[in-house]
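Have a look at entry07.txt; it's compact mmCIF, C-alpha atoms:
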# COMPACT_ATOMS: atom_id res chain seq x y z
CA MET A 8 179.54 -67.91 11.29
CA VAL A 9 178.46 -67.39 14.90
CA LYS A 10 180.41 -64.15 15.16
CA GLN A 11 179.09 -62.94 11.83
CA SER A 12 175.48 -63.77 12.76
CA ILE A 13 175.84 -61.86 16.03
CA PHE A 14 177.24 -58.88 14.17
CA GLY A 15 174.44 -59.05 11.61
CA ARG A 16 171.80 -59.12 14.33
CA ILE A 17 173.39 -56.16 16.10
CA SER A 18 173.49 -54.16 12.86
CA GLN A 19 169.87 -55.01 12.06
CA LEU A 20 168.65 -53.98 15.49
CA ALA A 21 170.74 -50.84 15.49
CA LYS A 22 169.25 -49.73 12.16
CA ALA A 23 165.63 -50.41 13.20
CA ASN A 24 163.27 -47.51 12.47
CA ILE A 25 161.55 -47.04 15.79
CA ASN A 26 159.07 -44.41 14.60
CA ALA A 27 157.85 -46.64 11.76
CA LEU A 28 157.34 -49.52 14.18
CA LEU A 29 155.40 -47.32 16.57
CA ASP A 30 153.12 -46.08 13.78
CA GLN A 31 152.13 -49.70 13.10
CA ALA A 32 151.62 -50.64 16.74
CA GLU A 33 148.17 -50.80 18.32
CA ASP A 34 149.57 -50.05 21.78
CA PRO A 35 152.87 -48.12 21.42
CA GLN A 36 153.62 -48.20 25.16
CA LYS A 37 153.36 -51.99 25.40
CA MET A 38 155.38 -52.37 22.21
CA LEU A 39 158.09 -50.06 23.54
CA ASP A 40 158.23 -51.97 26.82
CA GLN A 41 158.65 -55.21 24.87
CA MET A 42 161.29 -53.64 22.60
CA VAL A 43 163.22 -52.39 25.63
CA ARG A 44 163.19 -55.90 27.07
CA ASP A 45 164.24 -57.43 23.73
CA TYR A 46 167.03 -54.91 23.24
CA SER A 47 168.26 -55.41 26.80
CA ASN A 48 168.35 -59.19 26.31
CA ASN A 49 170.07 -58.85 22.93
CA ILE A 50 172.63 -56.46 24.38
CA ALA A 51 173.39 -58.86 27.21
CA GLU A 52 173.79 -61.71 24.72
CA ALA A 53 175.89 -59.57 22.40
CA GLU A 54 178.12 -58.40 25.25
CA SER A 55 178.77 -62.01 26.21
CA ALA A 56 179.62 -62.94 22.61
CA VAL A 57 181.81 -59.90 22.09
CA ALA A 58 183.62 -60.57 25.37
CA GLN A 59 184.29 -64.14 24.25
CA THR A 60 185.53 -62.93 20.85
CA ILE A 61 187.82 -60.42 22.52
CA GLY A 62 189.09 -63.14 24.84
CA ASN A 63 189.90 -65.39 21.87
CA LEU A 64 191.71 -62.51 20.18
CA ARG A 65 193.76 -61.86 23.29
CA MET A 66 194.73 -65.57 23.41
CA LEU A 67 195.91 -65.38 19.79
CA GLN A 68 197.90 -62.26 20.60
CA ASP A 69 199.41 -63.95 23.65
CA ASP A 70 200.38 -66.96 21.51
CA HIS A 71 201.86 -64.63 18.89
CA ASN A 72 203.85 -62.76 21.52
CA GLU A 73 205.06 -66.06 22.94
CA ASP A 74 206.15 -67.25 19.47
CA MET A 75 208.01 -64.01 18.91
CA GLU A 76 209.68 -64.30 22.31
CA ASN A 77 210.63 -67.92 21.56
CA ALA A 78 212.05 -66.84 18.20
CA ARG A 79 214.22 -64.22 19.90
CA SER A 80 215.28 -66.69 22.57
CA TRP A 81 216.26 -69.36 20.00
CA GLY A 82 218.06 -66.71 17.97
CA ASN A 83 220.11 -65.75 21.00
CA LYS A 84 220.87 -69.41 21.71
CA ALA A 85 221.92 -69.95 18.10
CA LEU A 86 224.21 -66.94 18.30
CA ALA A 87 225.74 -68.11 21.56
CA ALA A 88 226.30 -71.65 20.21
CA SER A 89 227.83 -70.29 17.00
CA ARG A 90 230.27 -68.08 18.94
CA LYS A 91 231.22 -70.98 21.16
CA ALA A 92 231.88 -73.11 18.07
CA ASP A 93 234.09 -70.37 16.65
CA GLU A 94 236.08 -70.29 19.90
CA TYR A 95 236.64 -74.04 19.83
CA ARG A 96 237.55 -73.92 16.13
CA ALA A 97 240.02 -71.10 16.78
CA SER A 98 241.67 -73.22 19.45
CA GLY A 99 241.88 -76.21 17.06
CA ASP A 100 239.11 -78.20 18.75
CA THR A 101 237.10 -79.09 15.68
CA VAL A 102 235.03 -81.74 17.47
CA ASP A 103 233.53 -79.34 19.98
CA ALA A 104 233.29 -76.70 17.26
CA GLU A 105 231.13 -79.02 15.16
CA LYS A 106 229.11 -79.93 18.23
CA PHE A 107 228.23 -76.29 18.98
CA ASP A 108 227.63 -75.55 15.31
CA SER A 109 225.08 -78.37 15.35
CA LEU A 110 223.46 -76.83 18.44
CA ALA A 111 223.37 -73.48 16.67
CA LYS A 112 221.62 -75.09 13.71
CA VAL A 113 219.01 -76.69 15.97
CA ALA A 114 218.41 -73.32 17.67
CA ILE A 115 218.08 -71.67 14.26
CA GLN A 116 215.52 -74.29 13.22
CA ARG A 117 213.53 -73.63 16.38
CA GLN A 118 213.83 -69.90 15.74
CA ILE A 119 212.47 -70.30 12.20
CA ALA A 120 209.60 -72.50 13.43
CA SER A 121 208.62 -69.92 16.05
CA GLU A 122 208.78 -67.11 13.49
CA ASN A 123 206.62 -69.11 11.07
CA GLU A 124 204.05 -69.75 13.78
CA ALA A 125 204.03 -66.07 14.65
CA ARG A 126 203.64 -65.01 11.01
CA GLY A 127 200.96 -67.65 10.41
CA VAL A 128 198.66 -66.30 13.12
CA GLU A 129 199.08 -62.62 12.19
CA PRO A 130 196.35 -62.61 9.45
CA THR A 131 193.94 -64.23 11.90
CA ILE A 132 194.80 -61.65 14.54
CA ALA A 133 194.23 -58.85 12.02
CA SER A 134 190.86 -60.18 10.90
CA GLN A 135 189.74 -60.88 14.45
CA THR A 136 190.79 -57.39 15.49
CA GLU A 137 188.61 -55.95 12.71
CA VAL A 138 185.68 -58.13 13.75
CA VAL A 139 186.04 -57.09 17.39
CA GLU A 140 186.05 -53.41 16.44
CA LYS A 141 182.91 -53.87 14.34
CA LEU A 142 181.23 -55.78 17.14
CA LYS A 143 182.10 -53.03 19.61
CA THR A 144 180.69 -50.43 17.24
CA GLY A 145 177.51 -52.42 16.74
CA LEU A 146 177.16 -52.96 20.46
CA ASN A 147 177.52 -49.23 21.13
CA GLN A 148 174.87 -48.55 18.48
CA MET A 149 172.55 -50.99 20.21
CA LYS A 150 173.11 -49.25 23.53
CA GLY A 151 172.37 -45.92 21.86
CA LYS A 152 169.15 -47.34 20.43
CA LEU A 153 168.23 -48.69 23.85
CA THR A 154 168.64 -45.23 25.36
CA GLU A 155 166.55 -43.80 22.54
CA LEU A 156 163.87 -46.41 23.15
CA GLN A 157 163.81 -45.73 26.88
CA ASN A 158 163.52 -41.98 26.30
CA LYS A 159 160.79 -42.53 23.72
CA ARG A 160 158.91 -44.84 26.06
CA ASN A 161 159.09 -42.34 28.93
CA GLU A 162 157.96 -39.53 26.64
CA LEU A 163 154.98 -41.52 25.38
CA VAL A 164 153.96 -42.55 28.89
CA ALA A 165 154.04 -38.92 30.04
CA ARG A 166 152.08 -37.80 26.97
CA SER A 167 149.56 -40.60 27.47
CA ARG A 168 148.99 -39.62 31.09
CA THR A 169 148.58 -35.98 30.12
CA ALA A 170 146.10 -36.91 27.40
CA ALA A 171 144.15 -39.06 29.88
CA ALA A 172 144.00 -36.19 32.37
CA GLN A 173 142.84 -33.80 29.65
CA SER A 174 140.21 -36.32 28.58
CA GLN A 175 138.88 -36.53 32.14
CA VAL A 176 138.68 -32.75 32.36
CA HIS A 177 136.93 -32.63 28.99
CA ASP A 178 134.42 -35.28 30.08
CA ALA A 179 133.79 -33.38 33.31
CA LEU A 180 133.16 -30.16 31.37
CA LYS A 181 130.78 -32.00 29.08
CA SER A 182 128.82 -33.36 32.04
CA ILE A 183 128.61 -29.85 33.45
CA ASP A 184 127.24 -28.59 30.16
CA ILE A 185 124.67 -31.38 30.05
CA MET A 186 123.58 -31.00 33.68
CA ASP A 187 124.19 -27.43 34.78
CA PRO A 188 124.29 -27.30 38.59
CA THR A 189 122.98 -23.70 38.49
CA SER A 190 119.71 -25.02 37.11
CA GLU A 191 119.31 -27.09 40.28
CA VAL A 192 119.93 -23.97 42.33
CA SER A 193 117.34 -22.11 40.28
CA ARG A 194 114.77 -24.81 40.91
CA PHE A 195 115.50 -24.74 44.63
CA GLU A 196 115.24 -20.95 44.64
CA GLU A 197 111.86 -21.18 42.89
CA LYS A 198 110.69 -23.65 45.53
CA VAL A 199 111.74 -21.26 48.30
CA ARG A 200 109.90 -18.40 46.60
CA ARG A 201 106.73 -20.46 46.38
CA GLU A 202 107.01 -21.32 50.07
CA GLU A 203 107.52 -17.66 50.92
CA ALA A 204 104.48 -16.71 48.85
CA ARG A 205 102.38 -19.38 50.60
CA VAL A 206 103.41 -18.00 53.97
CA ARG A 207 102.56 -14.44 52.89
CA GLY A 208 99.16 -15.67 51.66
CA ALA A 209 98.51 -17.42 54.95
CA ASN A 210 99.50 -14.29 56.85
CA GLU A 211 97.22 -12.13 54.77
CA LEU A 212 94.41 -14.59 55.23
CA ALA A 213 94.94 -14.65 58.97
CA ALA A 214 95.04 -10.84 59.09
CA SER A 215 91.81 -10.43 57.11
CA SER A 216 90.04 -12.90 59.40
CA LEU A 217 91.15 -10.96 62.46
CA ASP A 218 89.91 -7.67 60.98
CA ALA A 219 86.53 -9.24 60.32
CA GLN A 220 86.31 -10.38 63.92
CA PHE A 221 87.02 -6.86 65.18
CA GLU A 222 84.44 -5.44 62.78
CA SER A 223 81.89 -7.89 64.15
CA LEU A 224 82.67 -6.74 67.66
CA GLU A 225 82.20 -3.12 66.66
CA ASP A 226 78.83 -3.91 65.03
CA LEU A 227 77.77 -5.80 68.16
CA GLY A 228 78.69 -2.85 70.37
CA GLU A 229 76.69 -0.42 68.26
CA GLN A 230 73.64 -2.73 68.27
CA THR A 231 73.93 -3.06 72.05
CA GLU A 232 73.92 0.74 72.46
CA ILE A 233 70.86 1.04 70.23
CA GLU A 234 69.00 -1.52 72.27
CA ALA A 235 69.93 0.25 75.52
CA ARG A 236 68.73 3.61 74.32
CA LEU A 237 65.48 2.16 73.10
CA ALA A 238 64.91 0.56 76.47
CA ALA A 239 65.61 3.90 78.15
CA LEU A 240 63.11 5.71 76.01
CA LYS A 241 60.42 3.21 76.85
CA SER A 242 61.15 3.48 80.54
CA GLY A 243 60.92 7.25 80.40
CA SER A 244 64.50 7.84 81.20
CA ALA A 245 66.77 9.27 78.52
CA PRO A 246 70.44 8.29 78.24
CA ALA A 247 72.95 10.53 79.86
CA SER A 248 74.30 11.67 76.54
CA LEU A 249 70.86 12.84 75.44
CA GLU A 250 70.18 14.65 78.73
CA SER A 251 73.41 16.51 78.55
CA GLY A 252 72.54 17.43 75.00
CA GLN A 253 69.23 18.98 76.09

Take the structure in the file and write it out as structure tokens.
Amino acid sequence: MVKQSIFGRISQLAKANINALLDQAEDPQKMLDQMVRDYSNNIAEAESAVAQTIGNLRMLQDDHNEDMENARSWGNKALAASRKADEYRASGDTVDAEKFDSLAKVAIQRQIASENEARGVEPTIASQTEVVEKLKTGLNQMKGKLTELQNKRNELVARSRTAAAQSQVHDALKSIDIMDPTSEVSRFEEKVRREEARVRGANELAASSLDAQFESLEDLGEQTEIEARLAALKSGSAPASLESGQ
């Protein structure tokens, strides 16, 4: 029953539909990690059980070989005792002849007993051999499923990391769309232009004020000349420019 239950569990695990299980899982990676651990534990347990079953089979085979060897040995002893009895009988020694015939019979009985023991264990050896082969096959299937699980787990982890990276890039692109950095540059550029315009306005204002000052000086000079000429006329002396003109 123990051997059969182990074999049944191996077969059930080996036939498990991994893809169907993953479709039902909320977190496939965690489920695969757990399945890998479960399969590894089951394989270790199955290997121990299969090793024990193989060991029991080898003990039965050793016992069978020993029974067969004993049967051959007792057969040889029976033959030797029978020949010795024939020699004594040929020489007229019936007492020793009967003695060795009796020994031959005992050896034959032991030979038959050993043969019966050997034949009796042969069906068990045959059935155990079949069980061991099935267990080995199931164990190999489990190991194949474990490799498949490990590959599937690694594939999903890689795909998950790629998807996460793509999601980060997508989120970054979305944030760029929502807050375009070029708009910040445009606003800064506009601020610089306004500052430049203010400076130009200040410069123009300063320049116009300076021109007005010079114009005032020119007007003052002209008024001064007028006053000087008037004073000259009243004093009876004309300006040099007027005298030269006359």

Quick one: pull the distance between CA of Asp108 (chain A) and CA of Ala88 (chain A), Å, one decimal.
6.4 Å

Residues of region 39-94 of chain A within 9 Å of region 154-171 of chain A: nearest atom pair and distance (Å, one decimal) for each, counting only C-alpha atoms, sorted by chain and number, as JSON lines?
{"residue": "A:Leu39", "atom": "CA", "partner": "A:Arg160", "partner_atom": "CA", "distance": 5.9}
{"residue": "A:Asp40", "atom": "CA", "partner": "A:Arg160", "partner_atom": "CA", "distance": 7.2}
{"residue": "A:Met42", "atom": "CA", "partner": "A:Leu156", "partner_atom": "CA", "distance": 7.7}
{"residue": "A:Val43", "atom": "CA", "partner": "A:Leu156", "partner_atom": "CA", "distance": 6.5}

Rounded to one decimal, what separation in Å do you get between CA of Val128 (chain A) and CA of Ser109 (chain A)?
29.1 Å

Got a sec: who's within 12 Å of Gly62 (chain A), counting all atoms listed in the file, leaving out chain neighbours fewer than 6 positions off, as JSON, numbers by chain?
{"A": [54, 55, 56, 68, 69, 132, 135, 136, 139]}

If I wrap all listed atoms of region 240-244 of chain A in a box with edges along x, y and z and add 4 Å on each side, what are its centre and edge lengths in Å to one decimal, as AutoDock Vina command-line options?
--center_x 62.5 --center_y 5.5 --center_z 78.6 --size_x 12.1 --size_y 12.6 --size_z 13.2

Between CA of Thr144 (chain A) and CA of Arg44 (chain A), distance in Å (one decimal)
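Between these atoms lies a distance of 20.8 Å.
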
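Excluding Ala58 (chain A) and any residue on its chain fewer than 4 positions from it, the residues at most 12 Å away by all atoms listed in the file are A:Lys10, A:Ile50, A:Ala51, A:Glu52, A:Ala53, A:Glu54, A:Gly62, A:Asn63, A:Leu64, A:Arg65, A:Val139, A:Glu140, A:Leu142, A:Lys143, A:Leu146.
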
Select, from A:Gly145, A:Gly243, A:Gly208, A:Pro130, the residue with the minimum atom-to-atom distance to Leu67 (chain A), counting all atoms listed in the file.
A:Pro130
